[in-house]
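Everything on this sheet refers to the single structure shown next.
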Amino acid sequence: MARARRTRNPWWVLLLVLFAGGLLGSVITEALSAYPSLGFLTREVRAAIIDPPFTFDIRVITLTIGATLRLNLAVVLGMVLAVWLFRLMV
């Protein structure tokens, strides 16, 4: 019997799904911020690579370099939901 070949998805598809899940979680966070009883979902932890961001200004162009990762429970739940839905579709 011939075995079914499962196609492999590139790693960037998973990163895209995680990014979309993070965006979904941040939208949920903004929607839930009006409800004080759900404040545990909106409490966030920040991790910055360069804090404050490095800015190079030469009058004609301004270059700003920095990155901050903001995680909260709603963002993590959005990422988990996105990966779960992605696994169902594959």
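Ligands are numbered from 1 in the order shown, residues from 1 within each chain, and chains are lettered A, B, ... in the order they appear in the structure tokens.
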Open item on the list: So that I can check the surroundings of Gly78 in chain A, please list as a PyMOL selection string every protein, DNA and RNA residue that reaches within 10 Å of it, counting only C-alpha atoms and ignoring chain neighbours fewer than 3 positions away.
Closed with: chain A and resi 18-29+73-75+81-84
Task: Test item, helix (DSSP H, G or I) assignment across chain A, answer as a ChimeraX atom specification - done: /A:11-32,36-42,73-89
Could you take the residues named above and write them with C-alpha atoms, as a short mmCIF file (atom, residue, chain, number, x, y, z; two decimals), in the first residue's frame?
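For reference, part.cif as written:
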data_model
loop_
_atom_site.label_atom_id
_atom_site.label_comp_id
_atom_site.auth_asym_id
_atom_site.auth_seq_id
_atom_site.Cartn_x
_atom_site.Cartn_y
_atom_site.Cartn_z
CA TRP A 11 8.79 27.46 9.52
CA TRP A 12 7.74 30.95 8.43
CA VAL A 13 4.10 29.86 8.22
CA LEU A 14 4.19 28.93 11.90
CA LEU A 15 5.77 32.32 12.72
CA LEU A 16 3.05 34.05 10.75
CA VAL A 17 0.38 32.08 12.63
CA LEU A 18 2.00 32.98 15.97
CA PHE A 19 2.13 36.64 14.97
CA ALA A 20 -1.55 36.56 13.98
CA GLY A 21 -2.39 34.91 17.29
CA GLY A 22 -0.49 37.61 19.14
CA LEU A 23 -2.44 40.28 17.28
CA LEU A 24 -5.68 38.49 18.13
CA GLY A 25 -4.66 38.40 21.79
CA SER A 26 -3.80 42.09 21.81
CA VAL A 27 -7.22 42.91 20.34
CA ILE A 28 -8.81 40.80 23.09
CA THR A 29 -6.69 42.67 25.66
CA GLU A 30 -7.90 46.04 24.39
CA ALA A 31 -11.51 44.86 24.45
CA LEU A 32 -11.22 43.47 27.99
CA PRO A 36 -11.87 45.55 35.89
CA SER A 37 -12.89 42.02 36.91
CA LEU A 38 -10.89 40.62 33.94
CA GLY A 39 -7.79 42.65 34.76
CA PHE A 40 -5.68 39.51 35.25
CA LEU A 41 -5.87 38.93 31.49
CA THR A 42 -4.54 42.41 30.70
CA LEU A 73 -2.25 36.13 29.31
CA ALA A 74 -4.64 37.14 26.52
CA VAL A 75 -1.78 37.32 23.98
CA VAL A 76 -0.53 33.88 25.03
CA LEU A 77 -4.07 32.48 24.78
CA GLY A 78 -4.43 34.03 21.32
CA MET A 79 -1.18 32.39 20.20
CA VAL A 80 -2.24 29.01 21.59
CA LEU A 81 -5.63 29.33 19.86
CA ALA A 82 -3.98 30.25 16.56
CA VAL A 83 -1.57 27.29 16.70
CA TRP A 84 -4.42 24.95 17.64
CA LEU A 85 -6.51 26.16 14.68
CA PHE A 86 -3.48 25.88 12.43
CA ARG A 87 -2.93 22.26 13.51
CA LEU A 88 -6.59 21.48 12.77
CA MET A 89 -6.23 22.84 9.24
#
TODO: List the neighbours of range 48-59 of chain A out to 9 Å using only C-alpha atoms; skip same-chain residues closer than 5 positions along the sequence, and give me the result as a PyMOL selection string.
DONE: chain A and resi 64-70
- [ ] Based on DSSP run over this structure's backbone, return all residues of chain A in strand (DSSP E or B), as a ChimeraX atom specification.
- [x] /A:44-48,54-57,62-65,68-72
